[in-house]
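**Q** Below you'll find coords-v2.txt; it's compact mmCIF, C-alpha atoms.
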# COMPACT_ATOMS: atom_id res chain seq x y z
CA MET A 203 154.96 31.32 -224.48
CA THR A 204 156.22 28.35 -222.47
CA LEU A 205 155.26 27.75 -218.86
CA GLN A 206 158.89 28.30 -217.82
CA THR A 207 159.10 31.77 -219.39
CA ALA A 208 155.61 32.76 -218.22
CA ALA A 209 156.21 31.89 -214.56
CA PHE A 210 157.42 34.42 -212.02
CA LYS A 211 160.33 33.58 -209.72
CA ALA A 212 158.04 32.82 -206.79
CA GLU A 213 155.99 30.44 -208.94
CA LEU A 214 159.10 28.65 -210.17
CA ALA A 215 160.28 28.26 -206.59
CA ALA A 216 156.87 26.94 -205.53
CA SER A 217 156.84 24.42 -208.37
CA ARG A 218 160.29 23.11 -207.42
CA GLN A 219 159.18 22.70 -203.82
CA LEU A 220 156.04 20.88 -204.99
CA ALA A 221 158.07 18.55 -207.20
CA GLN A 222 160.46 17.75 -204.34
CA ARG A 223 157.60 17.16 -201.92
CA THR A 224 155.47 14.95 -204.18
CA GLY A 225 158.01 13.42 -206.57
CA MET A 226 156.12 14.63 -209.63
CA PRO A 227 158.08 15.98 -212.65
CA GLU A 228 158.95 19.68 -212.37
CA ALA A 229 157.05 20.50 -215.59
CA GLN A 230 153.88 18.95 -214.17
CA ALA A 231 154.39 20.74 -210.86
CA LEU A 232 154.79 24.08 -212.62
CA ARG A 233 151.62 23.51 -214.64
CA GLN A 234 149.75 22.78 -211.44
CA VAL A 235 151.08 25.91 -209.72
CA LEU A 236 150.17 28.12 -212.69
CA SER A 237 146.75 26.53 -213.03
CA LEU A 238 146.03 27.32 -209.41
CA ARG A 239 147.19 30.91 -209.99
CA ALA A 240 144.98 31.23 -213.08
CA GLY A 241 141.89 30.07 -211.20
CA ALA A 242 138.57 29.99 -213.04
CA ALA A 243 139.93 32.09 -215.93
CA GLY A 244 142.10 29.18 -216.99
CA LEU A 245 145.75 28.62 -217.75
CA GLU A 246 145.54 29.68 -221.39
CA LYS A 247 144.21 33.10 -220.46
CA LEU A 248 146.96 33.54 -217.88
CA LEU A 249 149.61 32.71 -220.48
CA ALA A 250 148.06 35.12 -222.99
CA GLU A 251 148.01 37.94 -220.44
CA ARG A 252 151.62 37.39 -219.48
CA LEU A 253 152.69 37.28 -223.11
CA ALA A 254 150.97 40.62 -223.68
CA GLN A 255 152.68 42.06 -220.59
CA ARG A 256 156.08 40.90 -221.81
CA GLU A 257 155.55 42.35 -225.28
CA HIS A 258 154.44 45.66 -223.76
CA ALA A 259 157.55 45.76 -221.58
CA LEU A 260 159.76 45.06 -224.59
CA GLN A 261 158.06 47.83 -226.55
CA ARG A 262 158.60 50.30 -223.70
CA ALA A 263 162.26 49.30 -223.43
CA ALA A 264 162.71 49.73 -227.18
CA ALA A 265 161.04 53.15 -227.05
CA ARG A 266 163.32 54.25 -224.22
CA ALA A 267 166.39 53.07 -226.11
CA ALA A 268 165.29 54.84 -229.29
CA SER A 269 164.56 58.05 -227.40
CA ALA A 270 167.94 57.95 -225.68
CA ALA A 271 169.70 57.32 -229.00
CA THR A 272 167.88 60.26 -230.59
CA ALA A 273 168.82 62.51 -227.67
CA ARG A 274 172.48 61.47 -227.94
CA ALA A 275 172.50 62.11 -231.68
CA ARG A 276 171.13 65.61 -231.18
CA ARG A 277 173.69 66.62 -228.58
CA PRO A 278 176.59 68.63 -229.90
CA ASP A 279 180.13 67.79 -228.84
CA PRO A 280 180.53 69.72 -225.56
CA ARG A 281 184.17 70.42 -226.41
CA GLN A 282 183.04 72.48 -229.41
CA ALA A 283 180.37 74.50 -227.58
CA ALA A 284 180.85 78.27 -227.30
CA TRP A 285 179.40 78.44 -223.78
CA HIS A 286 179.84 76.08 -220.84
CA ALA A 287 177.87 75.78 -217.61
CA TRP A 288 178.19 73.75 -214.43
CA PHE A 289 175.47 73.38 -211.80
CA ASP A 290 175.04 71.72 -208.42
CA GLY A 291 172.45 71.65 -205.65
CA SER A 292 172.77 70.62 -202.03
CA ALA A 293 170.34 69.85 -199.22
CA ARG A 294 171.38 69.85 -195.56
CA PRO A 295 170.04 67.50 -194.20
CA ASN A 296 168.36 65.61 -197.04
CA PRO A 297 165.62 66.76 -197.25
CA GLY A 298 166.42 70.08 -195.62
CA ARG A 299 167.65 73.58 -196.42
CA CYS A 300 168.77 73.82 -200.04
CA GLY A 301 171.55 75.76 -201.67
CA ILE A 302 172.27 76.08 -205.39
CA GLY A 303 175.47 76.90 -207.20
CA ALA A 304 176.25 77.36 -210.88
CA ILE A 305 178.85 78.80 -213.22
CA LEU A 306 178.28 80.10 -216.74
CA GLU A 307 181.28 80.87 -218.96
CA GLY A 308 181.27 82.35 -222.45
CA PRO A 309 183.64 82.58 -225.40
CA ASP A 310 184.57 86.22 -224.77
CA GLY A 311 185.63 85.81 -221.17
CA GLN A 312 182.15 85.96 -219.65
CA HIS A 313 182.10 84.42 -216.17
CA ILE A 314 178.88 84.37 -214.16
CA GLU A 315 178.66 82.69 -210.75
CA LEU A 316 175.37 81.86 -209.02
CA SER A 317 175.07 80.96 -205.36
CA SER A 318 171.80 81.30 -203.49
CA ASP A 319 169.51 79.86 -200.83
CA ALA A 320 166.87 77.68 -202.54
CA GLY A 321 164.45 77.07 -199.68
CA TYR A 322 163.51 73.61 -198.45
CA GLY A 323 163.61 70.33 -200.38
CA ASN A 324 165.59 67.22 -201.18
CA SER A 325 168.87 66.97 -203.09
CA SER A 326 167.25 66.22 -206.45
CA GLU A 327 164.99 69.25 -206.13
CA ALA A 328 168.02 71.37 -205.24
CA GLU A 329 169.88 70.05 -208.30
CA TYR A 330 166.93 70.89 -210.53
CA ARG A 331 166.67 74.41 -209.09
CA ALA A 332 170.37 74.93 -209.78
CA LEU A 333 169.91 73.75 -213.37
CA ILE A 334 166.94 76.07 -213.84
CA ALA A 335 168.91 79.02 -212.43
CA VAL A 336 171.82 78.52 -214.80
CA LEU A 337 169.44 78.01 -217.75
CA GLN A 338 167.76 81.31 -216.90
CA ALA A 339 171.17 82.98 -216.88
CA ALA A 340 172.03 81.35 -220.21
CA VAL A 341 168.82 82.62 -221.80
CA LEU A 342 169.50 86.10 -220.42
CA HIS A 343 172.98 86.14 -221.97
CA GLY A 344 171.95 84.52 -225.26
CA ALA A 345 174.10 81.43 -224.66
CA SER A 346 172.33 79.16 -227.14
CA ASP A 347 175.44 77.14 -228.05
CA LEU A 348 175.83 75.75 -224.56
CA ALA A 349 177.25 72.61 -222.95
CA ILE A 350 175.78 72.09 -219.47
CA HIS A 351 177.48 69.81 -216.95
CA GLY A 352 176.05 68.39 -213.72
CA ASP A 353 176.89 65.53 -211.37
CA SER A 354 173.27 64.56 -210.61
CA GLN A 355 172.53 61.38 -212.58
CA VAL A 356 168.90 61.67 -211.47
CA VAL A 357 168.39 65.13 -212.99
CA VAL A 358 170.46 64.53 -216.14
CA ASP A 359 168.60 61.28 -216.89
CA ASP A 360 165.25 62.86 -216.02
CA VAL A 361 165.76 65.76 -218.44
CA ASN A 362 167.23 63.69 -221.27
CA GLY A 363 164.77 60.79 -220.93
CA PRO A 364 161.32 60.40 -222.54
CA ASP A 365 158.30 62.08 -220.95
CA TYR A 366 156.72 58.86 -219.69
CA ALA A 367 159.89 57.89 -217.84
CA GLY A 368 160.16 61.13 -215.86
CA ALA A 369 159.99 61.06 -212.06
CA PRO A 370 156.46 62.17 -211.02
CA ALA A 371 157.74 64.08 -207.99
CA LEU A 372 160.03 66.16 -210.23
CA ARG A 373 157.54 66.75 -213.05
CA ALA A 374 156.99 70.48 -212.43
CA LEU A 375 160.73 71.21 -212.20
CA ARG A 376 161.39 69.10 -215.30
CA SER A 377 158.76 71.06 -217.27
CA GLU A 378 160.36 74.35 -216.25
CA ALA A 379 163.83 73.15 -217.24
CA LEU A 380 162.61 71.81 -220.60
CA ALA A 381 160.84 75.09 -221.36
CA LEU A 382 164.12 76.95 -220.84
CA LEU A 383 166.09 74.40 -222.87
CA ALA A 384 163.64 74.93 -225.73
CA ARG A 385 164.90 78.53 -225.84
CA LEU A 386 168.49 77.27 -226.12
CA PRO A 387 168.31 75.16 -229.30
CA GLN A 388 171.95 74.05 -229.31
CA ALA A 389 172.23 73.31 -225.61
CA SER A 390 173.28 69.89 -224.35
CA LEU A 391 173.12 68.41 -220.85
CA ARG A 392 175.67 65.84 -219.75
CA TRP A 393 176.62 64.07 -216.54
CA ILE A 394 180.09 64.51 -215.07
CA PRO A 395 181.67 62.92 -211.96
CA ARG A 396 181.34 64.89 -208.76
CA HIS A 397 185.07 65.63 -208.53
CA LYS A 398 184.84 67.50 -211.84
CA ASN A 399 182.07 69.70 -210.51
CA SER A 400 183.83 71.03 -207.42
CA ARG A 401 183.39 74.74 -208.22
CA ALA A 402 179.60 74.51 -208.54
CA ASP A 403 179.47 72.25 -205.48
CA ALA A 404 181.35 74.81 -203.39
CA LEU A 405 178.94 77.55 -204.49
CA SER A 406 175.92 75.41 -203.54
CA GLN A 407 177.37 74.49 -200.14
CA ARG A 408 178.20 78.14 -199.42
CA ALA A 409 174.59 79.13 -200.12
CA ILE A 410 173.03 76.96 -197.40
CA PRO A 411 172.42 79.05 -194.27
CA LEU A 412 174.20 77.74 -191.19
CA THR A 413 171.99 76.37 -188.43
CA THR A 414 172.36 77.54 -184.85
CA MET A 415 174.35 74.39 -184.06
CA GLU A 416 176.73 75.07 -186.95
CA GLN A 417 177.41 78.72 -186.09
CA PRO A 418 181.00 79.34 -184.97
CA ALA A 419 181.45 80.03 -181.27
Represent the structure of the file as structure tokens.
**A**
Amino acid sequence: MTLQTAAFKAELAASRQLAQRTGMPEAQALRQVLSLRAGAAGLEKLLAERLAQREHALQRAAARAASAATARARRPDPRQAAWHAWFDGSARPNPGRCGIGAILEGPDGQHIELSSDAGYGNSSEAEYRALIAVLQAAVLHGASDLAIHGDSQVVVDDVNGPDYAGAPALRALRSEALALLARLPQASLRWIPRHKNSRADALSQRAIPLTTMEQPA
């Protein structure tokens, strides 16, 4: 690993300033800056540690890419699914009172709408609760061949991503959603733009209780 690739942005900036101030070559200035950062451990050890860190980061990125590719390959074409679901969650304010909305539609004209107060939380928690509610309905109705649509990039990425990349604050909700998805072997979860999720959004907004200030006169 070269000094240039090992250095952080702040160290590169410091070395340029040192070179301008003293007139020494930039390569020499960078070596001096990194040597000072390495301290008693020595420059070679610093370079070895940063090389290991870079290789670890590359491995993690490759693992994430492979996991995402596997998840995409396993997803059925949503246009061919027998069942379709849409979910949305809202928090007013954020965090605040939560409402969830969802729609589940089946091949024989089944149409189930969900709209309920979901307590207190932030918007991502509300979205997850909406997803869990529609998954519970799907399990109840045997909707295994299911295409699920939501406009929360946070929740869709969290569910479809690898375990180690999950958001810690959403871990319990993610585990509950994954347990339900395991009972729906042909289910897929995909992101859609908000304007294509207006029905579920309206159901979630309707479910949030009005505050005293919002009550009509």
**Q** Please provide as an MDAnalysis selection string all residues within 9 Å of segment 206-214 of chain A, with the sequence filter that same-chain residues fewer than 2 positions apart are discarded (counting only C-alpha atoms).
**A** chainID A and resid 203:204 216:219 229 232 235:236 239 248:249 252:253 256
**Q** Which is closest to Arg401 of chain A among A:Glu251, A:Glu228, A:Glu257, A:Glu315, if we use only C-alpha atoms?
**A** A:Glu315
**Q** Hey, what's within 12 Å of Asp360 of chain A if we count only C-alpha atoms and toss same-chain stuff fewer than 2 positions away? As a PyMOL selection string, please?
**A** chain A and resi 270+326-327+329-330+354-358+362-377+379-380+391-393
**Q** Using only C-alpha atoms, can you tell me which of A:Ala284, A:Gly311, A:Ala381, A:Ala320 comes closest to Gly298 of chain A?
**A**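 Checking each candidate against Gly298 of chain A, we get A:Ala320 as the closest.
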**Q** For the atom pair atom CA of Gly344 of chain A and atom CA of Ile410 of chain A, what is the interatomic distance in Å to one decimal place?
**A**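 These two atoms are separated by 28.9 Å.
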**Q** Work out how far atom CA of His258 of chain A is from atom CA of Ala243 of chain A, in Å to one decimal.
**A**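 Atom CA of His258 of chain A lies at a distance of 21.4 Å from atom CA of Ala243 of chain A.
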**Q** What's around Asp403 of chain A at 6 Å? Count all atoms listed in the file, leave out sequence neighbours fewer than 3 positions away in its own chain, and write the answer as a CSV table (one decimal) with C-alpha atoms, in the frame of the given file.
**A**
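What follows is the written file selection_32.csv:
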chain,number,residue,atom,x,y,z
A,290,ASP,CA,175.0,71.7,-208.4
A,400,SER,CA,183.8,71.0,-207.4
A,406,SER,CA,175.9,75.4,-203.5
**Q** Select, from A:Glu378, A:Glu246, A:Glu307, A:Asp353, the residue with the minimum atom-to-atom distance to Pro395 of chain A, counting only C-alpha atoms.
**A**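 Looking at the shortest contact to Pro395 of chain A, the residue is A:Asp353.
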**Q** From the options A:Ala293, A:Ala304, A:Ala409, A:Leu348, which residue's atoms come nearest to Ala389 of chain A, counting all atoms listed in the file?
**A**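 The shortest atom-to-atom distance to Ala389 of chain A comes from A:Leu348.
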**Q** I'd like the interatomic distance between atom CA of Leu386 of chain A and atom CA of Leu405 of chain A, to a tenth of an Å.
**A** 24.0 Å
**Q** Identify which of the residues A:Asn399, A:Ser325, A:Gln234, A:Gln255 lies closest to Pro295 of chain A, counting all atoms listed in the file when measuring atom-to-atom distances.
**A**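 Comparing A:Asn399, A:Ser325, A:Gln234, A:Gln255 against Pro295 of chain A, the winner is A:Ser325.
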**Q** Which is closer to Tyr322 of chain A than all the others in A:His351, A:Arg299, A:Arg396, A:Arg294, using only C-alpha atoms?
**A**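 Going through A:His351, A:Arg299, A:Arg396, A:Arg294 one by one, the smallest distance to Tyr322 of chain A is for A:Arg299.
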**Q** Which neighbours of Ala404 of chain A fall inside 12 Å, counting all atoms listed in the file, when residues of the same chain fewer than 6 positions from it are skipped, and could you give them as a PyMOL selection string?
**A** chain A and resi 288-292+301-305+315-318+396-398+410
**Q** Excluding Pro387 of chain A and residues on its chain fewer than 2 positions from it, collect all residues at most 9 Å away from it, counting all atoms listed in the file, and give them as a list in words.
**A**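 Skipping anything fewer than 2 positions along the chain leaves Ser346, Asp347, Leu348, Leu383, Ala384, Arg385, Ala389 and Ser390 of chain A.
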**Q** N, CA and C atoms for segment 374-389 of chain A, written as a CSV table (one decimal), keeping the file's coordinate frame, could you do that?
**A**
chain,number,residue,atom,x,y,z
A,374,ALA,N,157.1,69.0,-212.3
A,374,ALA,CA,157.0,70.5,-212.4
A,374,ALA,C,158.3,71.1,-212.7
A,375,LEU,N,159.4,70.7,-212.0
A,375,LEU,CA,160.7,71.2,-212.2
A,375,LEU,C,161.3,70.8,-213.6
A,376,ARG,N,161.0,69.6,-214.0
A,376,ARG,CA,161.4,69.1,-215.3
A,376,ARG,C,160.8,69.9,-216.4
A,377,SER,N,159.5,70.3,-216.3
A,377,SER,CA,158.8,71.1,-217.3
A,377,SER,C,159.4,72.4,-217.4
A,378,GLU,N,159.7,73.0,-216.2
A,378,GLU,CA,160.4,74.4,-216.2
A,378,GLU,C,161.7,74.3,-216.9
A,379,ALA,N,162.5,73.3,-216.6
A,379,ALA,CA,163.8,73.2,-217.2
A,379,ALA,C,163.7,72.9,-218.7
A,380,LEU,N,162.8,72.1,-219.2
A,380,LEU,CA,162.6,71.8,-220.6
A,380,LEU,C,162.1,73.0,-221.3
A,381,ALA,N,161.3,73.9,-220.7
A,381,ALA,CA,160.8,75.1,-221.4
A,381,ALA,C,162.0,76.0,-221.6
A,382,LEU,N,162.9,76.1,-220.7
A,382,LEU,CA,164.1,77.0,-220.8
A,382,LEU,C,165.1,76.4,-221.9
A,383,LEU,N,165.2,75.0,-221.9
A,383,LEU,CA,166.1,74.4,-222.9
A,383,LEU,C,165.6,74.6,-224.3
A,384,ALA,N,164.2,74.7,-224.4
A,384,ALA,CA,163.6,74.9,-225.7
A,384,ALA,C,164.0,76.3,-226.3
A,385,ARG,N,164.4,77.2,-225.4
A,385,ARG,CA,164.9,78.5,-225.8
A,385,ARG,C,166.4,78.6,-226.1
A,386,LEU,N,167.0,77.4,-225.9
A,386,LEU,CA,168.5,77.3,-226.1
A,386,LEU,C,168.7,76.1,-227.1
A,387,PRO,N,168.4,76.3,-228.4
A,387,PRO,CA,168.3,75.2,-229.3
A,387,PRO,C,169.6,74.3,-229.4
A,388,GLN,N,170.7,74.8,-229.2
A,388,GLN,CA,172.0,74.0,-229.3
A,388,GLN,C,172.5,73.6,-228.0
A,389,ALA,N,171.7,73.7,-226.9
A,389,ALA,CA,172.2,73.3,-225.6
A,389,ALA,C,172.2,71.8,-225.4
